[in-house]
$ cat final-v4.cif   # mmCIF, C-alpha atoms
data_run
#
loop_
_atom_site.label_atom_id
_atom_site.label_comp_id
_atom_site.auth_asym_id
_atom_site.auth_seq_id
_atom_site.Cartn_x
_atom_site.Cartn_y
_atom_site.Cartn_z
CA MET W 1 100.82 54.31 150.05
CA LEU W 2 103.74 56.61 150.71
CA LYS W 3 104.00 59.31 148.05
CA VAL W 4 107.55 60.23 147.13
CA PRO W 5 107.91 63.98 146.49
CA LEU W 6 108.91 64.97 143.00
CA PRO W 7 112.41 66.35 142.59
CA LEU W 8 112.50 70.13 142.37
CA GLY W 9 113.33 70.04 138.66
CA ALA W 10 110.36 67.77 137.92
CA CYS W 11 108.05 70.07 139.89
CA ALA W 12 109.29 73.01 137.87
CA ARG W 13 108.69 71.16 134.60
CA SER W 14 105.17 70.13 135.69
CA TRP W 15 104.28 73.67 136.66
CA LYS W 16 105.65 74.99 133.37
CA SER W 17 103.46 72.58 131.38
CA VAL W 18 100.36 73.64 133.35
CA ARG W 19 101.18 77.31 132.84
CA MET W 20 101.74 76.82 129.12
CA ALA W 21 98.44 74.99 128.74
CA SER W 22 96.55 77.72 130.61
CA CYS W 23 97.93 80.48 128.39
CA GLY W 24 97.50 78.57 125.13
CA MET W 25 101.18 77.94 124.49
CA ALA W 26 100.89 74.16 124.57
CA ARG W 27 98.92 73.97 121.33
CA ARG W 28 99.57 76.19 118.37
CA ASN W 29 96.86 77.32 115.97
CA PRO W 30 93.81 76.29 118.05
CA LEU W 31 91.56 77.67 115.28
CA GLU W 32 93.44 76.12 112.39
CA ASN W 33 91.37 76.13 109.16
CA LYS W 34 88.30 77.53 110.91
CA VAL W 35 86.44 80.23 108.97
CA ALA W 36 85.47 83.31 110.95
CA LEU W 37 83.26 86.32 110.21
CA VAL W 38 83.83 89.42 112.34
CA THR W 39 81.58 92.45 111.93
CA ALA W 40 82.80 96.02 112.48
CA SER W 41 86.32 94.65 112.39
CA THR W 42 88.42 97.30 110.69
CA ASP W 43 89.22 99.22 113.88
CA GLY W 44 89.25 98.91 117.65
CA ILE W 45 88.03 95.77 119.39
CA GLY W 46 86.78 94.14 116.18
CA PHE W 47 90.13 94.59 114.45
CA ALA W 48 92.02 93.17 117.44
CA ILE W 49 89.69 90.15 117.49
CA ALA W 50 90.08 89.57 113.75
CA ARG W 51 93.86 89.70 114.09
CA ARG W 52 93.91 87.26 117.02
CA LEU W 53 91.60 84.75 115.33
CA ALA W 54 93.82 84.83 112.25
CA GLN W 55 96.97 84.51 114.37
CA ASP W 56 95.40 81.43 115.93
CA GLY W 57 94.92 79.82 112.52
CA ALA W 58 91.50 80.96 111.28
CA HIS W 59 90.64 82.30 107.83
CA VAL W 60 89.00 85.61 108.76
CA VAL W 61 86.56 87.73 106.77
CA VAL W 62 86.56 91.29 108.12
CA SER W 63 83.82 93.79 107.37
CA SER W 64 82.85 97.42 107.75
CA ARG W 65 80.39 99.86 106.26
CA LYS W 66 83.11 101.56 104.18
CA GLN W 67 85.18 99.91 101.46
CA GLN W 68 88.24 102.05 102.23
CA ASN W 69 88.27 100.82 105.83
CA VAL W 70 87.96 97.21 104.68
CA ASP W 71 90.80 97.63 102.22
CA ARG W 72 93.05 99.20 104.85
CA ALA W 73 92.38 96.48 107.45
CA VAL W 74 92.84 93.63 104.97
CA ALA W 75 96.11 95.10 103.72
CA ALA W 76 97.42 95.52 107.27
CA LEU W 77 96.59 91.98 108.34
CA GLN W 78 97.70 90.34 105.11
CA GLY W 79 100.93 92.27 105.56
CA GLU W 80 101.42 90.32 108.79
CA GLY W 81 101.10 87.07 106.85
CA LEU W 82 97.56 86.36 108.06
CA SER W 83 94.74 84.71 106.10
CA VAL W 84 92.32 87.63 105.92
CA SER W 85 89.86 88.86 103.32
CA GLY W 86 87.07 91.40 103.59
CA THR W 87 83.82 92.82 102.31
CA VAL W 88 81.57 95.80 102.93
CA CYS W 89 78.77 94.99 105.36
CA HIS W 90 76.23 97.31 106.93
CA VAL W 91 74.68 94.85 109.38
CA GLY W 92 71.36 96.66 109.25
CA LYS W 93 70.93 95.72 105.58
CA ALA W 94 69.76 92.21 104.70
CA GLU W 95 71.63 92.16 101.39
CA ASP W 96 74.89 93.06 103.15
CA ARG W 97 74.44 90.33 105.76
CA GLU W 98 73.77 87.80 103.01
CA ARG W 99 76.85 88.97 101.08
CA LEU W 100 79.06 88.62 104.16
CA VAL W 101 78.04 84.98 104.63
CA ALA W 102 78.23 84.26 100.91
CA THR W 103 81.76 85.70 100.76
CA ALA W 104 82.99 83.28 103.42
CA VAL W 105 81.29 80.34 101.71
CA LYS W 106 82.72 81.28 98.32
CA LEU W 107 86.26 81.81 99.58
CA HIS W 108 86.53 79.11 102.22
CA GLY W 109 83.61 76.71 101.80
CA GLY W 110 81.62 77.59 104.91
CA VAL W 111 81.51 79.34 108.27
CA ASP W 112 82.60 78.10 111.70
CA ILE W 113 82.76 81.31 113.74
CA LEU W 114 80.75 84.51 113.95
CA VAL W 115 81.77 87.47 116.09
CA SER W 116 78.94 90.00 116.13
CA ASN W 117 80.63 93.26 117.09
CA ALA W 118 78.82 96.01 115.17
CA ALA W 119 77.10 98.70 117.23
CA VAL W 120 76.01 102.33 117.08
CA ASN W 121 75.62 105.01 119.70
CA PRO W 122 73.97 108.07 118.13
CA PHE W 123 72.78 109.70 121.37
CA PHE W 124 74.24 111.30 124.50
CA GLY W 125 71.88 112.69 127.14
CA SER W 126 68.79 111.91 129.20
CA LEU W 127 66.58 108.92 128.40
CA MET W 128 63.64 111.32 128.55
CA ASP W 129 65.02 113.11 125.49
CA VAL W 130 65.49 110.04 123.29
CA THR W 131 63.43 110.14 120.12
CA GLU W 132 61.67 107.17 118.57
CA GLU W 133 64.06 107.36 115.62
CA VAL W 134 67.07 106.99 117.94
CA TRP W 135 65.49 104.00 119.71
CA ASP W 136 64.79 102.37 116.33
CA LYS W 137 68.34 102.87 115.09
CA VAL W 138 70.03 101.62 118.28
CA LEU W 139 67.86 98.54 118.64
CA ASP W 140 67.95 97.74 114.91
CA ILE W 141 71.74 97.75 114.68
CA ASN W 142 72.79 96.67 118.17
CA VAL W 143 70.22 93.94 118.80
CA LYS W 144 68.06 92.97 115.82
CA ALA W 145 70.95 92.82 113.36
CA ALA W 146 72.87 90.48 115.68
CA ALA W 147 69.90 88.13 115.77
CA LEU W 148 69.35 88.26 111.99
CA LEU W 149 73.02 87.74 111.19
CA THR W 150 72.99 84.70 113.46
CA LYS W 151 69.95 83.43 111.57
CA ALA W 152 71.82 83.84 108.29
CA VAL W 153 74.97 82.06 109.43
CA VAL W 154 73.63 79.10 111.43
CA PRO W 155 72.62 77.00 108.38
CA GLU W 156 76.22 77.20 107.14
CA MET W 157 77.55 76.21 110.58
CA ALA W 158 75.13 73.29 110.73
CA LYS W 159 76.51 71.96 107.43
CA ARG W 160 79.94 71.76 109.09
CA GLY W 161 78.71 70.05 112.23
CA GLY W 162 78.51 73.11 114.46
CA GLY W 163 80.15 76.41 115.23
CA SER W 164 80.71 79.19 117.71
CA ILE W 165 79.12 82.61 117.99
CA VAL W 166 80.37 85.45 120.19
CA ILE W 167 78.16 88.49 120.63
CA VAL W 168 79.90 91.64 121.84
CA SER W 169 77.93 93.43 124.54
CA SER W 170 79.38 95.91 127.07
CA ILE W 171 79.92 96.47 130.79
CA GLY W 172 77.20 99.07 130.23
CA ALA W 173 74.79 96.14 130.23
CA TYR W 174 75.52 95.75 133.96
CA SER W 175 76.74 99.16 135.11
CA PRO W 176 75.16 101.75 132.79
CA PHE W 177 77.37 104.49 131.42
CA PRO W 178 75.96 107.94 132.26
CA SER W 179 73.99 109.60 129.45
CA LEU W 180 74.17 106.51 127.19
CA GLY W 181 70.78 105.08 128.05
CA PRO W 182 69.68 103.55 124.71
CA TYR W 183 73.14 102.05 124.18
CA ASN W 184 73.15 100.55 127.68
CA VAL W 185 69.69 99.08 127.21
CA SER W 186 70.64 97.52 123.87
CA LYS W 187 73.71 95.93 125.40
CA THR W 188 71.63 94.48 128.25
CA ALA W 189 69.32 92.99 125.63
CA LEU W 190 72.28 91.17 124.10
CA LEU W 191 72.78 89.23 127.34
CA GLY W 192 69.27 87.86 126.93
CA LEU W 193 69.76 87.21 123.23
CA THR W 194 72.87 85.17 124.06
CA LYS W 195 70.98 83.05 126.60
CA ASN W 196 68.08 82.39 124.24
CA LEU W 197 70.24 81.58 121.24
CA ALA W 198 72.42 79.23 123.30
CA ILE W 199 69.35 77.18 124.19
CA GLU W 200 67.87 77.09 120.70
CA LEU W 201 71.08 76.45 118.75
CA ALA W 202 72.47 73.69 120.95
CA GLU W 203 70.77 71.05 118.81
CA TRP W 204 72.97 72.12 115.88
CA ASN W 205 76.09 72.06 118.05
CA VAL W 206 76.37 75.84 117.81
CA ARG W 207 77.65 77.49 120.97
CA VAL W 208 76.72 81.12 121.73
CA ASN W 209 78.60 83.24 124.24
CA CYS W 210 78.94 86.92 124.98
CA LEU W 211 81.80 89.34 125.62
CA ALA W 212 81.21 92.40 127.81
CA PRO W 213 84.15 94.79 127.51
CA GLY W 214 84.64 97.62 129.96
CA LEU W 215 86.13 100.96 129.01
CA ILE W 216 88.44 100.08 126.11
CA LYS W 217 90.49 102.79 124.42
CA THR W 218 88.95 102.95 120.94
CA SER W 219 87.61 105.72 118.74
CA PHE W 220 84.08 104.43 119.45
CA SER W 221 84.45 105.09 123.20
CA ARG W 222 86.33 108.36 122.77
CA MET W 223 83.71 110.42 124.61
CA LEU W 224 84.31 108.34 127.76
CA TRP W 225 88.10 108.52 127.90
CA GLU W 226 89.04 111.81 126.21
CA ASP W 227 87.51 113.84 129.02
CA GLN W 228 89.93 113.37 131.93
CA ALA W 229 87.33 113.85 134.68
CA ARG W 230 84.96 111.30 133.12
CA GLN W 231 87.85 108.89 132.56
CA GLU W 232 88.89 109.10 136.22
CA SER W 233 85.28 108.53 137.31
CA VAL W 234 85.09 105.33 135.25
CA LYS W 235 88.51 104.14 136.44
CA ALA W 236 87.43 104.62 140.05
CA ALA W 237 84.98 101.74 139.61
CA MET W 238 87.74 99.39 138.41
CA GLN W 239 90.02 97.13 140.40
CA ILE W 240 92.65 97.39 137.66
CA LYS W 241 93.19 101.13 137.40
CA ARG W 242 93.73 101.51 133.69
CA ILE W 243 91.73 101.79 130.51
CA GLY W 244 91.62 98.54 128.59
CA LYS W 245 93.22 97.89 125.22
CA PRO W 246 91.44 96.16 122.31
CA GLU W 247 93.92 93.30 122.64
CA ASP W 248 92.63 92.66 126.18
CA CYS W 249 89.42 91.36 124.57
CA ALA W 250 90.86 89.39 121.67
CA GLY W 251 92.31 86.37 123.46
CA ILE W 252 89.08 85.71 125.35
CA VAL W 253 87.12 85.64 122.09
CA SER W 254 89.62 83.25 120.51
CA PHE W 255 89.32 80.97 123.53
CA LEU W 256 85.50 81.01 123.37
CA CYS W 257 85.68 80.03 119.69
CA SER W 258 88.11 77.17 120.29
CA GLU W 259 87.67 73.55 121.35
CA ASP W 260 89.04 74.54 124.76
CA ALA W 261 85.63 76.14 125.35
CA SER W 262 83.60 73.25 123.89
CA TYR W 263 81.55 72.91 127.11
CA ILE W 264 80.78 76.62 127.48
CA THR W 265 77.63 78.20 126.05
CA GLY W 266 75.18 80.88 127.11
CA GLU W 267 77.80 82.68 129.18
CA THR W 268 78.97 86.29 129.30
CA VAL W 269 82.64 87.01 129.99
CA VAL W 270 83.28 90.47 131.42
CA VAL W 271 86.61 92.05 130.47
CA ALA W 272 86.41 95.26 132.44
CA GLY W 273 89.26 95.54 134.90
CA GLY W 274 87.14 94.37 137.81
CA THR W 275 84.22 96.75 137.32
CA GLN W 276 81.05 95.68 139.13
CA SER W 277 79.20 93.32 136.78
CA HIS W 278 76.05 91.88 138.32
CA LEU W 279 72.48 92.72 137.41
#

$ encode --input "final-v4.cif" --output "structure tokens"
Amino acid sequence: MLKVPLPLGACARSWKSVRMASCGMARRNPLENKVALVTASTDGIGFAIARRLAQDGAHVVVSSRKQQNVDRAVAALQGEGLSVSGTVCHVGKAEDRERLVATAVKLHGGVDILVSNAAVNPFFGSLMDVTEEVWDKVLDINVKAAALLTKAVVPEMAKRGGGSIVIVSSIGAYSPFPSLGPYNVSKTALLGLTKNLAIELAEWNVRVNCLAPGLIKTSFSRMLWEDQARQESVKAAMQIKRIGKPEDCAGIVSFLCSEDASYITGETVVVAGGTQSHL
């Protein structure tokens, strides 16, 4: 059958609709009435993620180890007209993890989304100089706490028919940052945790994915970008020759938590300006 070409105007309209769908403009509030927990979310990447989830319609519970940071973040986001509340949560403490989940249930009736973003990096130097205490702290907070928080939140997700979990790893999982050995190792472990959880939680319709940011300009990564020589060395490995912004990570997380990603689980999305990212 002879196909009649579309008029130029119709082609333009078709392309516009495809472009709008791909960038999320076709459907507003993709996370409407979802309830999201975001750890370490009063600054940097976590704060940008919390803001984006709330902008996309979610009720977000932010958390941090310090009450003053929680108060400041909640005030800032509520000032933007967003549905945000907060509570203190040291993810290494069982009672704090339980309180974080209980806060969401009390305020909003359940949990649909967990973004596990909390991490520590107490060491800079050779792996041969790492003490047992440093290894314990890094693995407890960066890996074990992510697993235990997931364990605490999954029963609430199951009550609502499923949910989405995003674990924040790092490009250091693939291309180790110099002198950050324990941190790099912990972030590699999160790739495996994501794969294992995705398999085990599928029966409850809980999807688990991972975000691996590159060098993002935050206070947490200050030691990597404040020194100009080190910054240039990191940028040399990128295809996009700039340091990332927290907002560069936020949209990807919102997508992974939305129905647009309903057939994606066990995957790691690298947001690192084109840095090499294969094990």

$ closest_atom_pairs --input "final-v4.cif" --of "region 78-197 of chain W" --to "region 34-42 of chain W" --cutoff "7 Å" --atoms "all atoms listed in the file" --output "JSON lines"
{"residue": "W:His108", "atom": "CA", "partner": "W:Val35", "partner_atom": "CA", "distance": 6.8}
{"residue": "W:Gly110", "atom": "CA", "partner": "W:Val35", "partner_atom": "CA", "distance": 6.8}
{"residue": "W:Val111", "atom": "CA", "partner": "W:Val35", "partner_atom": "CA", "distance": 5.1}
{"residue": "W:Asp112", "atom": "CA", "partner": "W:Val35", "partner_atom": "CA", "distance": 5.2}
{"residue": "W:Ile113", "atom": "CA", "partner": "W:Ala36", "partner_atom": "CA", "distance": 4.4}
{"residue": "W:Leu114", "atom": "CA", "partner": "W:Leu37", "partner_atom": "CA", "distance": 4.9}
{"residue": "W:Val115", "atom": "CA", "partner": "W:Val38", "partner_atom": "CA", "distance": 4.7}
{"residue": "W:Ser116", "atom": "CA", "partner": "W:Thr39", "partner_atom": "CA", "distance": 5.5}
{"residue": "W:Asn117", "atom": "CA", "partner": "W:Thr39", "partner_atom": "CA", "distance": 5.3}
{"residue": "W:Ala118", "atom": "CA", "partner": "W:Ala40", "partner_atom": "CA", "distance": 4.8}

$ closest_residue --input "final-v4.cif" --among "W:Ala272, W:Cys257, W:Pro176, W:Gly192" --to "Ala58 (chain W)" --atoms "all atoms listed in the file"
W:Cys257

$ closest_residue --input "final-v4.cif" --among "W:Leu190, W:Ile240, W:Leu215, W:Val60" --to "Gly44 (chain W)" --atoms "all atoms listed in the file"
W:Leu215

$ closest_residue --input "final-v4.cif" --among "W:Lys217, W:Arg65, W:Lys93, W:His59" --to "Leu149 (chain W)" --atoms "only C-alpha atoms"
W:Lys93

$ residues_around --input "final-v4.cif" --residues "Gly57 (chain W)" --least-positions-apart "5" --cutoff "7 Å" --atoms "all atoms listed in the file" --output "MDAnalysis selection string"
chainID W and resid 29:33

$ decode --input "final-v4.cif" --residues "region 106-120 of chain W" --atoms "all heavy atoms" --output "mmCIF file, in the first residue's frame"
data_model
loop_
_atom_site.group_PDB
_atom_site.id
_atom_site.type_symbol
_atom_site.label_atom_id
_atom_site.label_comp_id
_atom_site.auth_asym_id
_atom_site.auth_seq_id
_atom_site.Cartn_x
_atom_site.Cartn_y
_atom_site.Cartn_z
ATOM 1 N N LYS W 106 2.664 6.937 59.744
ATOM 2 C CA LYS W 106 1.791 7.784 60.558
ATOM 3 C C LYS W 106 1.255 8.972 59.761
ATOM 4 O O LYS W 106 0.071 9.305 59.837
ATOM 5 C CB LYS W 106 2.548 8.269 61.784
ATOM 6 C CG LYS W 106 1.725 9.167 62.697
ATOM 7 C CD LYS W 106 2.539 9.630 63.901
ATOM 8 C CE LYS W 106 1.727 10.565 64.797
ATOM 9 N NZ LYS W 106 2.521 11.025 65.974
ATOM 10 N N LEU W 107 2.123 9.607 58.989
ATOM 11 C CA LEU W 107 1.730 10.823 58.272
ATOM 12 C C LEU W 107 0.948 10.541 56.991
ATOM 13 O O LEU W 107 0.042 11.285 56.634
ATOM 14 C CB LEU W 107 2.972 11.650 57.924
ATOM 15 C CG LEU W 107 3.719 12.292 59.087
ATOM 16 C CD1 LEU W 107 4.968 12.994 58.582
ATOM 17 C CD2 LEU W 107 2.829 13.278 59.840
ATOM 18 N N HIS W 108 1.327 9.455 56.302
ATOM 19 C CA HIS W 108 0.779 9.241 54.966
ATOM 20 C C HIS W 108 0.195 7.846 54.733
ATOM 21 O O HIS W 108 -0.236 7.541 53.621
ATOM 22 C CB HIS W 108 1.870 9.511 53.921
ATOM 23 C CG HIS W 108 2.482 10.882 54.037
ATOM 24 N ND1 HIS W 108 1.764 12.038 53.805
ATOM 25 C CD2 HIS W 108 3.741 11.275 54.374
ATOM 26 C CE1 HIS W 108 2.563 13.088 53.980
ATOM 27 N NE2 HIS W 108 3.762 12.657 54.329
ATOM 28 N N GLY W 109 0.218 6.993 55.741
ATOM 29 C CA GLY W 109 -0.450 5.702 55.619
ATOM 30 C C GLY W 109 0.363 4.574 55.030
ATOM 31 O O GLY W 109 -0.131 3.454 54.924
ATOM 32 N N GLY W 110 1.615 4.822 54.666
ATOM 33 C CA GLY W 110 2.434 3.747 54.109
ATOM 34 C C GLY W 110 3.672 4.283 53.430
ATOM 35 O O GLY W 110 4.022 5.462 53.566
ATOM 36 N N VAL W 111 4.330 3.396 52.687
ATOM 37 C CA VAL W 111 5.559 3.762 51.964
ATOM 38 C C VAL W 111 5.517 3.124 50.584
ATOM 39 O O VAL W 111 5.218 1.935 50.447
ATOM 40 C CB VAL W 111 6.828 3.283 52.706
ATOM 41 C CG1 VAL W 111 8.081 3.723 51.953
ATOM 42 C CG2 VAL W 111 6.870 3.799 54.137
ATOM 43 N N ASP W 112 5.832 3.914 49.568
ATOM 44 C CA ASP W 112 5.916 3.410 48.192
ATOM 45 C C ASP W 112 7.336 3.438 47.634
ATOM 46 O O ASP W 112 7.668 2.664 46.744
ATOM 47 C CB ASP W 112 5.042 4.270 47.261
ATOM 48 C CG ASP W 112 3.599 4.312 47.711
ATOM 49 O OD1 ASP W 112 2.913 3.279 47.571
ATOM 50 O OD2 ASP W 112 3.157 5.366 48.209
ATOM 51 N N ILE W 113 8.148 4.357 48.144
ATOM 52 C CA ILE W 113 9.470 4.605 47.563
ATOM 53 C C ILE W 113 10.497 4.741 48.675
ATOM 54 O O ILE W 113 10.260 5.402 49.688
ATOM 55 C CB ILE W 113 9.462 5.908 46.725
ATOM 56 C CG1 ILE W 113 8.557 5.766 45.506
ATOM 57 C CG2 ILE W 113 10.876 6.313 46.309
ATOM 58 C CD1 ILE W 113 8.226 7.092 44.833
ATOM 59 N N LEU W 114 11.649 4.122 48.481
ATOM 60 C CA LEU W 114 12.796 4.325 49.354
ATOM 61 C C LEU W 114 13.999 4.684 48.493
ATOM 62 O O LEU W 114 14.320 3.970 47.532
ATOM 63 C CB LEU W 114 13.123 3.061 50.164
ATOM 64 C CG LEU W 114 14.477 3.067 50.885
ATOM 65 C CD1 LEU W 114 14.504 4.132 51.975
ATOM 66 C CD2 LEU W 114 14.793 1.685 51.464
ATOM 67 N N VAL W 115 14.652 5.786 48.830
ATOM 68 C CA VAL W 115 15.934 6.132 48.212
ATOM 69 C C VAL W 115 16.989 6.072 49.313
ATOM 70 O O VAL W 115 16.989 6.888 50.244
ATOM 71 C CB VAL W 115 15.905 7.526 47.565
ATOM 72 C CG1 VAL W 115 17.268 7.825 46.924
ATOM 73 C CG2 VAL W 115 14.799 7.609 46.520
ATOM 74 N N SER W 116 17.854 5.079 49.216
ATOM 75 C CA SER W 116 18.892 4.863 50.223
ATOM 76 C C SER W 116 20.161 5.585 49.775
ATOM 77 O O SER W 116 20.903 5.099 48.930
ATOM 78 C CB SER W 116 19.156 3.355 50.387
ATOM 79 O OG SER W 116 20.150 3.134 51.356
ATOM 80 N N ASN W 117 20.394 6.751 50.384
ATOM 81 C CA ASN W 117 21.466 7.631 49.920
ATOM 82 C C ASN W 117 22.572 7.840 50.952
ATOM 83 O O ASN W 117 23.644 8.328 50.615
ATOM 84 C CB ASN W 117 20.854 8.993 49.538
ATOM 85 C CG ASN W 117 21.888 10.004 49.121
ATOM 86 O OD1 ASN W 117 22.638 9.786 48.180
ATOM 87 N ND2 ASN W 117 21.950 11.127 49.831
ATOM 88 N N ALA W 118 22.343 7.450 52.196
ATOM 89 C CA ALA W 118 23.306 7.747 53.255
ATOM 90 C C ALA W 118 24.617 7.003 53.053
ATOM 91 O O ALA W 118 24.639 5.828 52.666
ATOM 92 C CB ALA W 118 22.703 7.381 54.609
ATOM 93 N N ALA W 119 25.724 7.702 53.318
ATOM 94 C CA ALA W 119 27.044 7.087 53.188
ATOM 95 C C ALA W 119 28.052 7.874 54.007
ATOM 96 O O ALA W 119 27.853 9.063 54.290
ATOM 97 C CB ALA W 119 27.482 7.031 51.726
ATOM 98 N N VAL W 120 29.140 7.207 54.375
ATOM 99 C CA VAL W 120 30.248 7.877 55.060
ATOM 100 C C VAL W 120 31.545 7.578 54.325
ATOM 101 O O VAL W 120 31.652 6.596 53.581
ATOM 102 C CB VAL W 120 30.384 7.417 56.532
ATOM 103 C CG1 VAL W 120 29.165 7.832 57.338
ATOM 104 C CG2 VAL W 120 30.609 5.909 56.617
#
